[in-house]
$ cat model-v7.cif   # mmCIF, C-alpha atoms
data_query
#
loop_
_atom_site.group_PDB
_atom_site.id
_atom_site.type_symbol
_atom_site.label_atom_id
_atom_site.label_comp_id
_atom_site.auth_asym_id
_atom_site.auth_seq_id
_atom_site.Cartn_x
_atom_site.Cartn_y
_atom_site.Cartn_z
ATOM 1 C CA MET F 1 140.672 90.965 74.859
ATOM 2 C CA GLN F 2 138.852 89.619 77.889
ATOM 3 C CA PHE F 3 135.406 88.043 77.646
ATOM 4 C CA PHE F 4 132.810 88.916 80.272
ATOM 5 C CA LEU F 5 129.264 87.568 80.445
ATOM 6 C CA ASP F 6 126.520 90.145 80.859
ATOM 7 C CA THR F 7 124.069 88.076 82.857
ATOM 8 C CA GLY F 8 122.492 87.194 86.166
ATOM 9 C CA ASN F 9 121.944 83.582 85.141
ATOM 10 C CA VAL F 10 124.189 81.278 87.142
ATOM 11 C CA GLU F 11 123.752 78.355 84.746
ATOM 12 C CA GLU F 12 125.050 80.463 81.866
ATOM 13 C CA ILE F 13 128.082 81.399 83.936
ATOM 14 C CA LYS F 14 128.777 77.754 84.767
ATOM 15 C CA GLN F 15 128.673 76.837 81.075
ATOM 16 C CA ALA F 16 131.048 79.640 80.092
ATOM 17 C CA LEU F 17 133.445 78.572 82.841
ATOM 18 C CA GLU F 18 133.427 75.022 81.457
ATOM 19 C CA TRP F 19 134.368 76.424 78.056
ATOM 20 C CA GLY F 20 137.383 78.079 79.695
ATOM 21 C CA ILE F 21 136.839 81.503 78.120
ATOM 22 C CA LEU F 22 135.180 83.506 80.909
ATOM 23 C CA ASP F 23 137.180 86.336 82.485
ATOM 24 C CA GLY F 24 134.461 88.156 84.433
ATOM 25 C CA VAL F 25 130.776 89.005 84.777
ATOM 26 C CA THR F 26 128.680 92.159 84.577
ATOM 27 C CA THR F 27 125.171 92.421 85.972
ATOM 28 C CA ASN F 28 122.509 95.093 86.332
ATOM 29 C CA PRO F 29 119.073 95.339 87.994
ATOM 30 C CA THR F 30 117.302 94.223 84.799
ATOM 31 C CA LEU F 31 119.396 91.066 84.506
ATOM 32 C CA ILE F 32 118.961 90.208 88.174
ATOM 33 C CA ALA F 33 115.193 90.782 87.953
ATOM 34 C CA LYS F 34 114.978 88.303 85.068
ATOM 35 C CA THR F 35 116.207 85.515 87.336
ATOM 36 C CA GLY F 36 113.265 85.930 89.736
ATOM 37 C CA ARG F 37 115.682 85.227 92.587
ATOM 38 C CA PRO F 38 116.733 87.395 95.579
ATOM 39 C CA PHE F 39 119.598 89.733 94.738
ATOM 40 C CA MET F 40 121.878 88.597 97.563
ATOM 41 C CA GLU F 41 121.410 84.943 96.659
ATOM 42 C CA VAL F 42 122.348 85.547 93.030
ATOM 43 C CA ALA F 43 125.251 87.883 93.793
ATOM 44 C CA LYS F 44 126.857 85.546 96.315
ATOM 45 C CA GLU F 45 126.544 82.543 94.007
ATOM 46 C CA ILE F 46 128.148 84.418 91.105
ATOM 47 C CA LEU F 47 130.991 85.605 93.327
ATOM 48 C CA GLN F 48 131.634 82.052 94.482
ATOM 49 C CA LEU F 49 131.871 80.837 90.890
ATOM 50 C CA VAL F 50 133.863 83.627 89.233
ATOM 51 C CA ASP F 51 137.448 84.540 90.094
ATOM 52 C CA GLY F 52 137.542 87.594 87.826
ATOM 53 C CA PRO F 53 135.784 90.951 88.224
ATOM 54 C CA VAL F 54 132.051 90.861 88.958
ATOM 55 C CA SER F 55 130.205 94.153 88.432
ATOM 56 C CA LEU F 56 127.274 94.780 90.780
ATOM 57 C CA GLU F 57 125.234 97.941 90.333
ATOM 58 C CA THR F 58 124.145 100.686 92.708
ATOM 59 C CA VAL F 59 120.659 102.159 92.351
ATOM 60 C CA SER F 60 120.825 105.416 94.322
ATOM 61 C CA LYS F 61 120.802 108.713 92.450
ATOM 62 C CA ASP F 62 122.928 110.698 94.904
ATOM 63 C CA ALA F 63 126.629 110.228 95.629
ATOM 64 C CA GLU F 64 126.098 109.509 99.304
ATOM 65 C CA GLY F 65 123.694 106.679 98.522
ATOM 66 C CA MET F 66 125.952 105.260 95.801
ATOM 67 C CA VAL F 67 128.917 105.223 98.147
ATOM 68 C CA LYS F 68 126.908 103.540 100.886
ATOM 69 C CA GLU F 69 125.611 100.888 98.495
ATOM 70 C CA GLY F 70 129.039 100.497 96.901
ATOM 71 C CA LYS F 71 130.703 99.793 100.226
ATOM 72 C CA PHE F 72 128.012 97.242 101.049
ATOM 73 C CA LEU F 73 128.510 95.476 97.709
ATOM 74 C CA ALA F 74 132.301 95.509 98.071
ATOM 75 C CA GLU F 75 131.967 93.540 101.303
ATOM 76 C CA LEU F 76 130.467 90.630 99.365
ATOM 77 C CA GLY F 77 133.768 89.678 97.739
ATOM 78 C CA ASP F 78 137.278 90.803 96.873
ATOM 79 C CA ASN F 79 136.459 90.729 93.148
ATOM 80 C CA VAL F 80 133.400 93.006 93.323
ATOM 81 C CA VAL F 81 133.405 95.994 90.992
ATOM 82 C CA VAL F 82 130.801 98.638 91.814
ATOM 83 C CA LYS F 83 128.795 99.891 88.833
ATOM 84 C CA ILE F 84 128.093 103.613 88.979
ATOM 85 C CA PRO F 85 126.002 105.606 86.469
ATOM 86 C CA MET F 86 127.563 108.343 84.346
ATOM 87 C CA THR F 87 126.230 111.381 86.215
ATOM 88 C CA PRO F 88 127.881 114.204 88.167
ATOM 89 C CA GLU F 89 126.778 112.514 91.399
ATOM 90 C CA GLY F 90 128.123 109.253 90.069
ATOM 91 C CA MET F 91 131.554 110.747 89.470
ATOM 92 C CA LYS F 92 131.631 112.028 93.043
ATOM 93 C CA ALA F 93 130.949 108.486 94.206
ATOM 94 C CA VAL F 94 133.614 107.047 91.891
ATOM 95 C CA GLN F 95 136.295 109.271 93.404
ATOM 96 C CA ILE F 96 135.348 108.318 96.957
ATOM 97 C CA LEU F 97 135.099 104.584 96.304
ATOM 98 C CA GLU F 98 138.306 104.427 94.271
ATOM 99 C CA SER F 99 140.162 106.381 96.990
ATOM 100 C CA GLU F 100 139.165 103.618 99.398
ATOM 101 C CA GLY F 101 140.403 100.871 97.093
ATOM 102 C CA ILE F 102 136.996 99.851 95.735
ATOM 103 C CA PRO F 103 137.074 99.468 91.930
ATOM 104 C CA THR F 104 134.270 101.060 89.930
ATOM 105 C CA ASN F 105 132.696 100.538 86.534
ATOM 106 C CA VAL F 106 131.035 103.630 85.066
ATOM 107 C CA THR F 107 127.964 102.471 83.182
ATOM 108 C CA LEU F 108 125.455 103.962 80.735
ATOM 109 C CA VAL F 109 128.175 105.720 78.765
ATOM 110 C CA PHE F 110 127.130 106.931 75.316
ATOM 111 C CA SER F 111 129.813 109.417 74.274
ATOM 112 C CA PRO F 112 133.617 109.775 74.235
ATOM 113 C CA ALA F 113 133.309 112.824 76.497
ATOM 114 C CA GLN F 114 131.532 110.752 79.132
ATOM 115 C CA ALA F 115 134.234 108.074 78.926
ATOM 116 C CA LEU F 116 136.940 110.695 79.351
ATOM 117 C CA ILE F 117 135.173 112.120 82.398
ATOM 118 C CA ALA F 118 134.952 108.641 83.912
ATOM 119 C CA ALA F 119 138.678 108.137 83.404
ATOM 120 C CA LYS F 120 139.474 111.531 84.930
ATOM 121 C CA ALA F 121 137.346 110.633 87.943
ATOM 122 C CA GLY F 122 139.502 107.545 88.397
ATOM 123 C CA ALA F 123 137.136 104.754 87.331
ATOM 124 C CA SER F 124 138.693 101.320 86.919
ATOM 125 C CA PHE F 125 136.350 100.520 84.038
ATOM 126 C CA VAL F 126 134.119 102.420 81.632
ATOM 127 C CA SER F 127 131.211 100.753 79.800
ATOM 128 C CA PRO F 128 130.060 102.323 76.515
ATOM 129 C CA PHE F 129 126.690 100.865 75.419
ATOM 130 C CA ILE F 130 127.102 100.228 71.704
ATOM 131 C CA GLY F 131 123.935 98.219 71.050
ATOM 132 C CA ARG F 132 121.676 100.916 72.417
ATOM 133 C CA LEU F 133 123.423 103.451 70.185
ATOM 134 C CA ASP F 134 122.848 101.187 67.175
ATOM 135 C CA ASP F 135 119.190 100.915 68.202
ATOM 136 C CA ALA F 136 118.993 104.713 68.070
ATOM 137 C CA SER F 137 120.379 104.773 64.501
ATOM 138 C CA SER F 138 123.896 105.718 65.629
ATOM 139 C CA ASP F 139 127.192 103.937 64.961
ATOM 140 C CA GLY F 140 127.862 102.197 68.254
ATOM 141 C CA MET F 141 131.352 100.983 67.368
ATOM 142 C CA LYS F 142 132.423 104.496 66.401
ATOM 143 C CA ILE F 143 132.325 105.484 70.051
ATOM 144 C CA ILE F 144 134.689 102.622 70.895
ATOM 145 C CA ARG F 145 137.165 103.743 68.247
ATOM 146 C CA GLU F 146 137.030 107.308 69.533
ATOM 147 C CA ILE F 147 137.391 106.350 73.193
ATOM 148 C CA LYS F 148 140.328 104.067 72.372
ATOM 149 C CA GLN F 149 142.030 106.846 70.425
ATOM 150 C CA ILE F 150 141.545 109.358 73.251
ATOM 151 C CA PHE F 151 142.836 106.918 75.859
ATOM 152 C CA ASP F 152 145.856 106.128 73.660
ATOM 153 C CA ASN F 153 146.506 109.832 73.037
ATOM 154 C CA TYR F 154 146.834 110.481 76.754
ATOM 155 C CA ASP F 155 148.223 107.095 77.775
ATOM 156 C CA ILE F 156 145.187 106.338 79.925
ATOM 157 C CA THR F 157 145.795 102.795 81.134
ATOM 158 C CA ASP F 158 144.170 102.790 84.582
ATOM 159 C CA THR F 159 140.661 102.823 83.080
ATOM 160 C CA GLN F 160 139.767 99.775 81.002
ATOM 161 C CA ILE F 161 137.199 99.912 78.186
ATOM 162 C CA ILE F 162 134.343 97.414 78.512
ATOM 163 C CA VAL F 163 132.367 97.173 75.272
ATOM 164 C CA ALA F 164 128.807 96.682 76.543
ATOM 165 C CA SER F 165 125.280 96.252 75.187
ATOM 166 C CA VAL F 166 126.638 93.817 72.605
ATOM 167 C CA ARG F 167 124.104 92.452 70.118
ATOM 168 C CA HIS F 168 125.969 89.987 67.876
ATOM 169 C CA PRO F 169 129.359 88.309 67.274
ATOM 170 C CA MET F 170 130.583 91.013 64.900
ATOM 171 C CA HIS F 171 130.406 93.508 67.745
ATOM 172 C CA VAL F 172 132.868 91.270 69.581
ATOM 173 C CA VAL F 173 135.176 90.994 66.585
ATOM 174 C CA GLU F 174 135.089 94.734 65.929
ATOM 175 C CA ALA F 175 135.838 95.446 69.582
ATOM 176 C CA ALA F 176 138.887 93.178 69.384
ATOM 177 C CA LEU F 177 140.084 94.815 66.162
ATOM 178 C CA ILE F 178 139.845 98.235 67.781
ATOM 179 C CA GLY F 179 141.770 97.003 70.807
ATOM 180 C CA ALA F 180 139.168 97.334 73.549
ATOM 181 C CA ASP F 181 140.200 95.740 76.827
ATOM 182 C CA ILE F 182 137.001 93.787 77.480
ATOM 183 C CA CYS F 183 133.793 92.807 75.743
ATOM 184 C CA THR F 184 130.822 91.877 77.917
ATOM 185 C CA MET F 185 128.143 89.955 76.094
ATOM 186 C CA PRO F 186 124.925 87.989 76.517
ATOM 187 C CA PHE F 187 125.291 84.224 76.718
ATOM 188 C CA GLU F 188 123.665 83.743 73.294
ATOM 189 C CA VAL F 189 126.295 85.956 71.660
ATOM 190 C CA MET F 190 129.110 84.074 73.392
ATOM 191 C CA LYS F 191 127.690 80.769 72.106
ATOM 192 C CA LYS F 192 127.524 82.093 68.553
ATOM 193 C CA LEU F 193 131.258 82.916 68.605
ATOM 194 C CA PHE F 194 131.981 79.188 68.387
ATOM 195 C CA TYR F 195 129.968 78.480 65.278
ATOM 196 C CA HIS F 196 130.558 78.664 61.569
ATOM 197 C CA PRO F 197 128.669 76.597 58.983
ATOM 198 C CA LEU F 198 131.907 75.465 57.345
ATOM 199 C CA THR F 199 133.159 74.122 60.675
ATOM 200 C CA ASP F 200 129.991 72.057 61.077
ATOM 201 C CA LYS F 201 130.230 70.862 57.477
ATOM 202 C CA GLY F 202 133.890 69.935 57.917
ATOM 203 C CA ILE F 203 133.206 67.914 61.070
ATOM 204 C CA GLU F 204 130.398 66.053 59.359
ATOM 205 C CA LEU F 205 132.648 65.220 56.388
ATOM 206 C CA PHE F 206 135.566 64.065 58.548
ATOM 207 C CA ILE F 207 133.309 61.770 60.601
ATOM 208 C CA LYS F 208 131.775 60.323 57.458
ATOM 209 C CA ASP F 209 135.205 59.656 55.961
ATOM 210 C CA TRP F 210 136.508 58.236 59.234
ATOM 211 C CA GLU F 211 133.893 55.504 59.000
ATOM 212 C CA LYS F 212 135.617 54.366 55.800
ATOM 213 C CA VAL F 213 139.029 53.967 57.460
ATOM 214 C CA PRO F 214 139.938 50.288 58.075
ATOM 215 C CA GLY F 215 141.245 49.217 61.479
ATOM 216 C CA ARG F 216 139.961 52.246 63.331
ATOM 217 C CA PRO F 217 141.367 52.321 66.922
ATOM 218 C CA PHE F 218 138.270 54.151 68.204
#
$ encode --input "model-v7.cif" --output "structure tokens"
Amino acid sequence: MQFFLDTGNVEEIKQALEWGILDGVTTNPTLIAKTGRPFMEVAKEILQLVDGPVSLETVSKDAEGMVKEGKFLAELGDNVVVKIPMTPEGMKAVQILESEGIPTNVTLVFSPAQALIAAKAGASFVSPFIGRLDDASSDGMKIIREIKQIFDNYDITDTQIIVASVRHPMHVVEAALIGADICTMPFEVMKKLFYHPLTDKGIELFIKDWEKVPGRPF
């Protein structure tokens, strides 16, 4: 499973790249707004840093506007993926952009039916928002299991599942167990994947015991 960062923070991206586990980045207007920086400045910097897919979002509500914005965004880099909302107008835009070789990521997906529609429209990626479903007292991971089963039933391989709106490390683990293609997560969740109290305890013990070893070479 690939790891994407869901962020607009360039410093977080740099850290994840140093760890060697970053495969791509997803952004949205909320994440960009949090940086307090101009959109173009942030987008270009991310695209310079990241070799993998970078999702940049359109904000128009009609297909014509989405297509226009999508083409503009695609000009920023070869690895740009255009985020399109799950609406009838959005699916019109997906078909047009994909027909012109511009990959799309259908966002704000909350049901298996919506994911299936996105795949039928030809989207390269589909992003079910599991955390927001959990927040609404639903089982967010259930939608991932159902989408994966539907895609397997019909051998849908051209549309990759991005598990989005991730809240904690177990979401990442569950996504991997289900077999999702990608999990996009906040930086804090990615950091937590490294840690376990027994690992910390073990390191502390080994260092303490190492101090007792005679003739240490380092």
$ closest_atom_pairs --input "model-v7.cif" --of "region 154-215 of chain F" --to "region 21-30 of chain F" --cutoff "10 Å" --atoms "only C-alpha atoms" --output "Markdown table"
| residue | atom | partner | partner_atom | distance |
| --- | --- | --- | --- | --- |
| F:Ile162 | CA | F:Thr26 | CA | 9.8 |
| F:Ala164 | CA | F:Thr26 | CA | 9.2 |
| F:Ile182 | CA | F:Asp23 | CA | 9.0 |
| F:Cys183 | CA | F:Gly24 | CA | 9.9 |
| F:Thr184 | CA | F:Thr26 | CA | 7.0 |
| F:Met185 | CA | F:Thr26 | CA | 8.8 |
| F:Pro186 | CA | F:Thr26 | CA | 9.8 |
| F:Met190 | CA | F:Ile21 | CA | 9.4 |
$ atom_distance --input "model-v7.cif" --atom1 "CA of Asn105 (chain F)" --atom2 "CA of Pro85 (chain F)"
8.4 Å
$ resolve_selection --input "model-v7.cif" --expression "the PyMOL selection byres ((chain F and resi 102) around 9)" --output "PyMOL selection string"
chain F and resi 70-71+74+80-82+94+96-101+103-104
$ resolve_selection --input "model-v7.cif" --expression "the PyMOL selection byres ((chain F and resi 151-158) around 12)" --output "VMD selection string"
chain F and resid 98 103 to 105 112 to 113 115 to 126 144 to 150 159 to 161 178 to 181
$ resolve_selection --input "model-v7.cif" --expression "the PyMOL selection byres ((chain F and resi 50) around 12)" --output "NGL selection string"
:F and (4-5 or 10 or 12-18 or 20-26 or 43-49 or 51-55 or 77-80)
$ closest_residue --input "model-v7.cif" --among "F:Trp19, F:Tyr195, F:Asn9, F:Lys208" --to "Ile32 (chain F)" --atoms "all atoms listed in the file"
F:Asn9
$ atom_distance --input "model-v7.cif" --atom1 "CA of His168 (chain F)" --atom2 "CA of Val189 (chain F)"
5.5 Å
$ atom_distance --input "model-v7.cif" --atom1 "CA of Met141 (chain F)" --atom2 "CA of Leu193 (chain F)"
18.1 Å
$ closest_residue --input "model-v7.cif" --among "F:Glu75, F:Met91, F:Lys191, F:Arg132" --to "Val172 (chain F)" --atoms "all atoms listed in the file"
F:Lys191
